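Asks: This one is entry_3.cif, mmCIF, C-alpha atoms and all ligand atoms.
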```
data_final
loop_
_atom_site.group_PDB
_atom_site.id
_atom_site.type_symbol
_atom_site.label_atom_id
_atom_site.label_comp_id
_atom_site.auth_asym_id
_atom_site.auth_seq_id
_atom_site.Cartn_x
_atom_site.Cartn_y
_atom_site.Cartn_z
ATOM 1 C CA MET A 122 20.661 8.010 -0.821
ATOM 2 C CA THR A 123 19.329 4.555 -1.613
ATOM 3 C CA ALA A 124 16.124 3.962 0.285
ATOM 4 C CA SER A 125 14.696 0.628 1.161
ATOM 5 C CA VAL A 126 11.314 0.350 -0.497
ATOM 6 C CA VAL A 127 8.500 -1.990 0.545
ATOM 7 C CA GLY A 128 5.103 -2.434 -1.059
ATOM 8 C CA ILE A 129 2.228 -3.891 0.952
ATOM 9 C CA SER A 130 -0.705 -5.359 -0.929
ATOM 10 C CA GLY A 131 -3.923 -5.573 1.070
ATOM 11 C CA SER A 132 -6.066 -7.285 -1.537
ATOM 12 C CA PRO A 133 -7.251 -10.813 -0.764
ATOM 13 C CA GLY A 134 -7.613 -11.450 -4.516
ATOM 14 C CA SER A 135 -5.133 -13.497 -6.531
ATOM 15 C CA VAL A 136 -5.678 -11.121 -9.455
ATOM 16 C CA SER A 137 -5.694 -7.588 -8.129
ATOM 17 C CA ARG A 138 -6.019 -4.146 -9.660
ATOM 18 C CA SER A 139 -4.741 -2.430 -6.544
ATOM 19 C CA ARG A 140 -1.687 -4.697 -6.530
ATOM 20 C CA THR A 141 -1.093 -3.814 -10.192
ATOM 21 C CA LEU A 142 -0.883 -0.145 -9.170
ATOM 22 C CA LEU A 143 1.429 -1.105 -6.318
ATOM 23 C CA GLU A 144 3.744 -2.911 -8.747
ATOM 24 C CA LEU A 145 3.735 0.204 -10.961
ATOM 25 C CA ALA A 146 4.665 2.318 -7.953
ATOM 26 C CA LEU A 147 7.551 0.025 -7.004
ATOM 27 C CA ALA A 148 8.847 0.043 -10.587
ATOM 28 C CA SER A 149 8.602 3.821 -10.706
ATOM 29 C CA LEU A 150 10.472 4.211 -7.407
ATOM 30 C CA GLU A 151 13.201 1.930 -8.675
ATOM 31 C CA ARG A 152 13.539 4.013 -11.873
ATOM 32 C CA GLN A 153 13.969 7.077 -9.702
ATOM 33 C CA GLY A 154 16.826 5.424 -7.824
ATOM 34 C CA ALA A 155 14.929 4.986 -4.558
ATOM 35 C CA GLY A 156 15.882 1.308 -4.436
ATOM 36 C CA THR A 157 14.549 -2.062 -5.507
ATOM 37 C CA GLY A 158 11.167 -2.645 -3.971
ATOM 38 C CA ARG A 159 10.022 -5.719 -2.161
ATOM 39 C CA LEU A 160 6.335 -6.572 -2.404
ATOM 40 C CA ILE A 161 4.613 -8.094 0.614
ATOM 41 C CA ASP A 162 1.390 -9.772 -0.464
ATOM 42 C CA LEU A 163 -0.728 -10.017 2.685
ATOM 43 C CA ALA A 164 -3.056 -12.524 0.985
ATOM 44 C CA ARG A 165 -0.208 -15.036 1.075
ATOM 45 C CA LEU A 166 0.304 -14.777 4.832
ATOM 46 C CA PRO A 167 -1.528 -17.115 7.252
ATOM 47 C CA ALA A 168 -4.811 -15.603 8.436
ATOM 48 C CA ASP A 169 -4.667 -16.952 12.003
ATOM 49 C CA ALA A 170 -1.243 -15.347 12.515
ATOM 50 C CA LEU A 171 -2.470 -12.080 11.006
ATOM 51 C CA LEU A 172 -5.293 -12.194 13.542
ATOM 52 C CA GLY A 173 -2.709 -12.556 16.327
ATOM 53 C CA ARG A 174 -3.804 -16.080 17.280
ATOM 54 C CA ARG A 175 -0.343 -17.520 16.818
ATOM 55 C CA GLU A 176 3.179 -16.453 15.926
ATOM 56 C CA ASP A 177 4.413 -16.971 12.391
ATOM 57 C CA ARG A 178 7.866 -16.452 10.967
ATOM 58 C CA ASP A 179 6.646 -14.997 7.652
ATOM 59 C CA VAL A 180 4.321 -12.526 9.362
ATOM 60 C CA ALA A 181 7.071 -11.498 11.788
ATOM 61 C CA GLU A 182 9.444 -11.032 8.866
ATOM 62 C CA ALA A 183 6.886 -8.952 6.935
ATOM 63 C CA LEU A 184 6.366 -6.726 9.975
ATOM 64 C CA GLN A 185 10.120 -6.280 10.347
ATOM 65 C CA ALA A 186 10.598 -5.469 6.651
ATOM 66 C CA THR A 187 7.813 -2.904 6.924
ATOM 67 C CA GLN A 188 9.524 -1.224 9.859
ATOM 68 C CA ASP A 189 12.919 -1.300 8.143
ATOM 69 C CA ALA A 190 11.712 0.405 4.950
ATOM 70 C CA ALA A 191 12.295 4.070 4.206
ATOM 71 C CA ILE A 192 9.444 4.252 1.691
ATOM 72 C CA LEU A 193 6.248 2.225 1.906
ATOM 73 C CA ALA A 194 3.670 1.954 -0.838
ATOM 74 C CA VAL A 195 0.425 0.529 0.508
ATOM 75 C CA SER A 196 -2.375 -0.708 -1.715
ATOM 76 C CA THR A 197 -5.866 -1.898 -0.950
ATOM 77 C CA PRO A 198 -9.201 -2.537 -2.583
ATOM 78 C CA ILE A 199 -12.041 -0.493 -1.134
ATOM 79 C CA TYR A 200 -14.305 -2.818 0.833
ATOM 80 C CA ARG A 201 -17.429 -1.388 2.469
ATOM 81 C CA ALA A 202 -16.258 2.161 1.889
ATOM 82 C CA THR A 203 -12.756 1.800 3.338
ATOM 83 C CA TYR A 204 -9.505 -0.223 3.200
ATOM 84 C CA SER A 205 -9.633 -4.017 3.391
ATOM 85 C CA GLY A 206 -9.827 -5.942 6.659
ATOM 86 C CA LEU A 207 -6.684 -7.773 5.558
ATOM 87 C CA LEU A 208 -4.730 -4.532 5.568
ATOM 88 C CA LYS A 209 -6.232 -3.517 8.901
ATOM 89 C CA VAL A 210 -5.233 -6.705 10.754
ATOM 90 C CA PHE A 211 -1.651 -6.355 9.510
ATOM 91 C CA PHE A 212 -1.472 -2.756 10.687
ATOM 92 C CA ASP A 213 -2.933 -3.783 14.043
ATOM 93 C CA LEU A 214 0.176 -5.931 14.574
ATOM 94 C CA LEU A 215 2.557 -3.003 14.143
ATOM 95 C CA PRO A 216 3.872 -1.369 17.324
ATOM 96 C CA GLN A 217 2.908 2.205 18.139
ATOM 97 C CA ASP A 218 4.834 4.700 15.965
ATOM 98 C CA ALA A 219 6.272 1.814 13.933
ATOM 99 C CA LEU A 220 6.382 3.956 10.811
ATOM 100 C CA ALA A 221 7.710 7.177 12.322
ATOM 101 C CA GLY A 222 10.129 8.724 9.854
ATOM 102 C CA LYS A 223 8.865 6.579 6.950
ATOM 103 C CA ILE A 224 7.305 7.958 3.815
ATOM 104 C CA ALA A 225 4.094 6.322 2.663
ATOM 105 C CA ILE A 226 2.169 6.261 -0.607
ATOM 106 C CA PRO A 227 -1.539 5.417 -0.308
ATOM 107 C CA ILE A 228 -3.058 3.452 -3.208
ATOM 108 C CA ALA A 229 -6.611 2.140 -3.539
ATOM 109 C CA THR A 230 -8.982 0.834 -6.175
ATOM 110 C CA GLY A 231 -12.750 0.751 -5.955
ATOM 111 C CA GLY A 232 -15.656 -0.427 -8.054
ATOM 112 C CA GLY A 233 -16.582 3.178 -8.855
ATOM 113 C CA PRO A 234 -15.914 6.784 -7.853
ATOM 114 C CA THR A 235 -18.288 6.814 -4.851
ATOM 115 C CA HIS A 236 -15.617 5.957 -2.307
ATOM 116 C CA LEU A 237 -12.795 8.060 -3.722
ATOM 117 C CA LEU A 238 -12.380 9.852 -0.392
ATOM 118 C CA ALA A 239 -11.607 6.580 1.385
ATOM 119 C CA VAL A 240 -7.979 7.296 0.463
ATOM 120 C CA ASP A 241 -8.039 10.546 2.426
ATOM 121 C CA HIS A 242 -10.507 9.575 5.153
ATOM 122 C CA GLY A 243 -9.453 5.953 5.665
ATOM 123 C CA LEU A 244 -6.080 4.961 4.282
ATOM 124 C CA ARG A 245 -4.252 8.219 5.002
ATOM 125 C CA PRO A 246 -5.245 8.255 8.716
ATOM 126 C CA LEU A 247 -4.373 4.546 8.999
ATOM 127 C CA LEU A 248 -0.823 5.296 7.826
ATOM 128 C CA ALA A 249 -0.549 8.419 9.949
ATOM 129 C CA SER A 250 -1.724 6.508 13.042
ATOM 130 C CA VAL A 251 1.584 4.625 13.072
ATOM 131 C CA GLY A 252 3.609 7.736 12.336
ATOM 132 C CA ALA A 253 4.112 7.602 8.559
ATOM 133 C CA LEU A 254 4.555 10.784 6.561
ATOM 134 C CA VAL A 255 2.018 10.357 3.757
ATOM 135 C CA VAL A 256 2.664 11.994 0.380
ATOM 136 C CA ALA A 257 0.257 14.674 -0.801
ATOM 137 C CA THR A 258 -0.875 12.681 -3.817
ATOM 138 C CA GLY A 259 -3.065 9.707 -2.997
ATOM 139 C CA VAL A 260 -3.869 7.211 -5.744
ATOM 140 C CA TYR A 261 -7.434 6.057 -6.356
ATOM 141 C CA GLY A 262 -8.451 4.059 -9.408
ATOM 142 C CA THR A 263 -11.822 2.729 -10.449
ATOM 143 C CA ASP A 264 -12.346 -0.638 -12.109
ATOM 144 C CA ALA A 265 -13.399 1.188 -15.308
ATOM 145 C CA GLN A 266 -9.912 2.693 -15.514
ATOM 146 C CA PHE A 267 -8.427 -0.741 -16.193
ATOM 147 C CA ARG A 268 -8.410 -2.463 -19.583
ATOM 148 C CA ASN A 269 -7.258 -6.079 -19.568
ATOM 149 C CA GLY A 270 -5.655 -5.460 -16.202
ATOM 150 C CA THR A 271 -3.740 -2.368 -17.335
ATOM 151 C CA PRO A 272 -4.502 1.055 -15.844
ATOM 152 C CA ASP A 273 -5.271 3.991 -18.116
ATOM 153 C CA THR A 274 -2.784 6.810 -18.659
ATOM 154 C CA ALA A 275 -4.305 9.189 -16.117
ATOM 155 C CA LEU A 276 -4.118 6.590 -13.385
ATOM 156 C CA ALA A 277 -0.558 5.565 -14.275
ATOM 157 C CA GLU A 278 0.434 9.250 -14.202
ATOM 158 C CA ARG A 279 -1.111 9.613 -10.768
ATOM 159 C CA VAL A 280 1.027 6.709 -9.526
ATOM 160 C CA GLU A 281 4.094 8.348 -11.054
ATOM 161 C CA ARG A 282 3.332 11.661 -9.380
ATOM 162 C CA ALA A 283 2.911 10.033 -5.956
ATOM 163 C CA THR A 284 6.200 8.157 -6.304
ATOM 164 C CA LEU A 285 8.042 11.310 -7.394
ATOM 165 C CA GLU A 286 6.853 12.981 -4.210
ATOM 166 C CA ALA A 287 7.978 10.013 -2.115
ATOM 167 C CA ALA A 288 11.412 9.808 -3.738
ATOM 168 C CA SER A 289 11.886 13.537 -3.324
ATOM 169 C CA LEU A 290 10.989 13.371 0.370
ATOM 170 C CA ALA A 291 13.210 10.323 0.880
ATOM 171 C CA SER A 292 16.225 12.049 -0.618
ATOM 172 C CA GLY A 293 16.099 14.468 2.320
ATOM 173 C CA VAL A 294 15.573 11.803 4.982
ATOM 174 C CA THR A 295 18.247 9.743 6.706
ATOM 175 C CA THR A 296 17.267 6.430 8.254
HETATM 176 C C1 LIG B 1 -16.513 -7.446 -0.319
HETATM 177 C C2 LIG B 1 -16.358 -6.311 -1.313
HETATM 178 C C3 LIG B 1 -16.726 -5.038 -0.934
HETATM 179 C C4 LIG B 1 -16.566 -3.967 -1.824
HETATM 180 N N1 LIG B 1 -16.939 -2.737 -1.407
HETATM 181 C C5 LIG B 1 -16.754 -1.684 -2.244
HETATM 182 C C6 LIG B 1 -17.098 -0.366 -1.825
HETATM 183 O O1 LIG B 1 -17.604 -0.134 -0.721
HETATM 184 N N2 LIG B 1 -16.855 0.663 -2.678
HETATM 185 C C7 LIG B 1 -16.291 0.469 -3.915
HETATM 186 O O2 LIG B 1 -16.064 1.439 -4.642
HETATM 187 N N3 LIG B 1 -15.959 -0.770 -4.350
HETATM 188 C C8 LIG B 1 -16.176 -1.848 -3.541
HETATM 189 N N4 LIG B 1 -15.817 -3.108 -3.961
HETATM 190 C C9 LIG B 1 -15.157 -3.265 -5.271
HETATM 191 C C10 LIG B 1 -13.635 -3.339 -5.154
HETATM 192 O O3 LIG B 1 -13.125 -2.330 -4.301
HETATM 193 C C11 LIG B 1 -12.979 -3.129 -6.519
HETATM 194 O O4 LIG B 1 -13.410 -4.104 -7.441
HETATM 195 C C12 LIG B 1 -11.461 -3.140 -6.392
HETATM 196 O O5 LIG B 1 -10.882 -2.630 -7.590
HETATM 197 C C13 LIG B 1 -10.893 -4.526 -6.138
HETATM 198 O O6 LIG B 1 -9.512 -4.398 -5.953
HETATM 199 P P1 LIG B 1 -8.527 -5.625 -6.169
HETATM 200 O O7 LIG B 1 -8.681 -6.064 -7.613
HETATM 201 O O8 LIG B 1 -7.166 -5.095 -5.898
HETATM 202 O O9 LIG B 1 -8.913 -6.695 -5.201
HETATM 203 C C14 LIG B 1 -16.009 -4.189 -3.104
HETATM 204 C C15 LIG B 1 -15.649 -5.497 -3.487
HETATM 205 C C16 LIG B 1 -15.830 -6.539 -2.602
HETATM 206 C C17 LIG B 1 -15.422 -7.943 -3.020
#
```
Would you encode the structure as structure tokens?
Replies:
Amino acid sequence: MTASVVGISGSPGSVSRSRTLLELALASLERQGAGTGRLIDLARLPADALLGRREDRDVAEALQATQDAAILAVSTPIYRATYSGLLKVFFDLLPQDALAGKIAIPIATGGGPTHLLAVDHGLRPLLASVGALVVATGVYGTDAQFRNGTPDTALAERVERATLEAASLASGVTT
């Protein structure tokens, strides 16, 4: 089955390590035949619409694409020990159970290892709160694991493992 794959980048930065991992995940899912991924960069969406102060076509379209996907890869920098506020406001706009039946891959990068568990204690519950089935392997990379913007082998392998789990789950799911 060809799944529809969407990546959501929650980094406000124009150059982003977490988005680099997200791009790797989308490429890996495509290689595995899960479908061509579409990347939604939340930093490019209007902040006042993300805060719910006005309607916006691009935000509405991003929310719809998110709900239409079979597999979602979600990336964020760790800010103050958890996912970014940018990611949070987008998720706050999703209806209850919006991701029921969807498979999600959690991806985060942090300045160091201290907040490694933010993937399991922050990002994973965020995804589960809207009904997503989150793969067993979460991805967490530290800034030291990147050289010239490229993740080291261990981190790239972790991304691969998470996407294999997602593709395997998706092959048994009908949407
Ligand atoms: C406002 C702010 C808060 C941060 N808070 C944390 C933190 O609590 N723990 C941590 O490990 N890194 C923290 N960092 C570092 C970023 O998480 C890290 O550099 C990350 O890789 C950036 O991801 P990005 O390149 O995708 O934006 C913080 C950075 C900023 C700008």
Asks: What would the selection look like, as a list in words, if the PyMOL selection byres (((chain A and resi 156) around 8) and not hetatm) were run on the coordinates I just shared?
Replies: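 So the PyMOL selection byres (((chain A and resi 156) around 8) and not hetatm), applied here, picks out Thr123, Ala124, Ser125, Val126, Leu150, Glu151, Gly154, Ala155, Thr157 and Gly158 of chain A.
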Asks: Taking all atoms listed in the file into account, which residues are within 6 Å of ligand LIG 1 (chain B), as JSON, numbers by chain?
Replies: {"A": [132, 134, 137, 138, 139, 140, 198, 199, 200, 201, 202, 230, 231, 232, 233, 235, 236, 264]}
Asks: What does the PyMOL selection byres (((chain A and resi 204-219) around 6) and not hetatm) select in this file, as a VMD selection string?
Replies: chain A and resid 131 171 197 199 to 200 203 220 to 221 251 to 252
Asks: Would you pick out the contacts of Ala181 in chain A at 12 Å or less, using all atoms listed in the file, so that residues sharing its chain but fewer than 4 positions from it are not included, and give the list as a PDB file with C-alpha atoms, in the coordinates of the input?
Replies:
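Generated file (selection-v8.pdb):
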```pdb
ATOM      1  CA  ILE A 161       4.613  -8.094   0.614  1.00  0.00           C
ATOM      2  CA  LEU A 166       0.304 -14.777   4.832  1.00  0.00           C
ATOM      3  CA  PRO A 167      -1.528 -17.115   7.252  1.00  0.00           C
ATOM      4  CA  ALA A 170      -1.243 -15.347  12.515  1.00  0.00           C
ATOM      5  CA  LEU A 171      -2.470 -12.080  11.006  1.00  0.00           C
ATOM      6  CA  GLY A 173      -2.709 -12.556  16.327  1.00  0.00           C
ATOM      7  CA  ARG A 175      -0.343 -17.520  16.818  1.00  0.00           C
ATOM      8  CA  GLU A 176       3.179 -16.453  15.926  1.00  0.00           C
ATOM      9  CA  ASP A 177       4.413 -16.971  12.391  1.00  0.00           C
ATOM     10  CA  GLN A 185      10.120  -6.280  10.347  1.00  0.00           C
ATOM     11  CA  ALA A 186      10.598  -5.469   6.651  1.00  0.00           C
ATOM     12  CA  THR A 187       7.813  -2.904   6.924  1.00  0.00           C
ATOM     13  CA  GLN A 188       9.524  -1.224   9.859  1.00  0.00           C
ATOM     14  CA  PHE A 211      -1.651  -6.355   9.510  1.00  0.00           C
ATOM     15  CA  LEU A 214       0.176  -5.931  14.574  1.00  0.00           C
ATOM     16  CA  LEU A 215       2.557  -3.003  14.143  1.00  0.00           C
ATOM     17  CA  PRO A 216       3.872  -1.369  17.324  1.00  0.00           C
TER      18      PRO A 216
END
```
Asks: Starting from the displayed file, determine the output of the PyMOL selection byres (((chain A and resi 245) around 10) and not hetatm) and express the residue list as a list of chain:residue names.
Replies: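 Residues picked by the PyMOL selection byres (((chain A and resi 245) around 10) and not hetatm): A:Ala225, A:Ile226, A:Pro227, A:Ile228, A:Leu238, A:Ala239, A:Val240, A:Asp241, A:His242, A:Gly243, A:Leu244, A:Pro246, A:Leu247, A:Leu248, A:Ala249, A:Ser250, A:Ala253, A:Leu254, A:Val255, A:Val256, A:Ala257, A:Gly259.
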Asks: Restricted to C-alpha atoms, what would the selected residues look like written as a PDB file, keeping the file's coordinate frame?
Replies:
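So the final result, stored in again-v9.pdb, reads:
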```pdb
ATOM      1  CA  ALA A 225       4.094   6.322   2.663  1.00  0.00           C
ATOM      2  CA  ILE A 226       2.169   6.261  -0.607  1.00  0.00           C
ATOM      3  CA  PRO A 227      -1.539   5.417  -0.308  1.00  0.00           C
ATOM      4  CA  ILE A 228      -3.058   3.452  -3.208  1.00  0.00           C
ATOM      5  CA  LEU A 238     -12.380   9.852  -0.392  1.00  0.00           C
ATOM      6  CA  ALA A 239     -11.607   6.580   1.385  1.00  0.00           C
ATOM      7  CA  VAL A 240      -7.979   7.296   0.463  1.00  0.00           C
ATOM      8  CA  ASP A 241      -8.039  10.546   2.426  1.00  0.00           C
ATOM      9  CA  HIS A 242     -10.507   9.575   5.153  1.00  0.00           C
ATOM     10  CA  GLY A 243      -9.453   5.953   5.665  1.00  0.00           C
ATOM     11  CA  LEU A 244      -6.080   4.961   4.282  1.00  0.00           C
ATOM     12  CA  PRO A 246      -5.245   8.255   8.716  1.00  0.00           C
ATOM     13  CA  LEU A 247      -4.373   4.546   8.999  1.00  0.00           C
ATOM     14  CA  LEU A 248      -0.823   5.296   7.826  1.00  0.00           C
ATOM     15  CA  ALA A 249      -0.549   8.419   9.949  1.00  0.00           C
ATOM     16  CA  SER A 250      -1.724   6.508  13.042  1.00  0.00           C
ATOM     17  CA  ALA A 253       4.112   7.602   8.559  1.00  0.00           C
ATOM     18  CA  LEU A 254       4.555  10.784   6.561  1.00  0.00           C
ATOM     19  CA  VAL A 255       2.018  10.357   3.757  1.00  0.00           C
ATOM     20  CA  VAL A 256       2.664  11.994   0.380  1.00  0.00           C
ATOM     21  CA  ALA A 257       0.257  14.674  -0.801  1.00  0.00           C
ATOM     22  CA  GLY A 259      -3.065   9.707  -2.997  1.00  0.00           C
TER      23      GLY A 259
END
```
Asks: For the atom pair CA of Ser135 in chain A and CA of Ala164 in chain A, what is the interatomic distance in Å to one decimal place?
Replies: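 So the two atoms, CA of Ser135 in chain A and CA of Ala164 in chain A, lie 7.9 Å apart.
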Asks: Here is a test: counting all atoms listed in the file, which residue of A:Pro234, A:Gly222, A:Pro272, A:Gly262 is nearest to Leu290 in chain A?
Replies: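 Of A:Pro234, A:Gly222, A:Pro272, A:Gly262, the one nearest Leu290 in chain A, counting all atoms listed in the file, is A:Gly222.
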Asks: For Ala183 in chain A, which residue among A:Val280, A:Ala288, A:Val136, A:Val127 is the nearest when counting all atoms listed in the file?
Replies: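 Among the listed residues, A:Val127 lies closest to Ala183 in chain A.
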Asks: Hey, which of A:Pro133, A:Ala194, A:Gln266, A:Tyr261 ends up closest to Ser149 in chain A? Count all atoms listed in the file.
Replies: A:Ala194
Asks: Between CA of Val260 in chain A and CA of Ser130 in chain A, what distance in Å does the model show, to one decimal?
Replies: 13.8 Å
Asks: Measuring between all atoms listed in the file, which one of A:Thr274, A:Thr263, A:Arg152, A:Arg178 shows the shortest distance to Leu237 in chain A?
Replies: A:Thr263
Asks: Using Å and a single decimal, report how far CA of Thr271 in chain A sits from CA of Thr258 in chain A.
Replies: 20.4 Å
Asks: Restricting the calculation to all atoms listed in the file, which member of A:Gly128, A:Ala148, A:Ala291, A:Ala229 is positioned closest to Leu276 in chain A?
Replies: A:Ala229
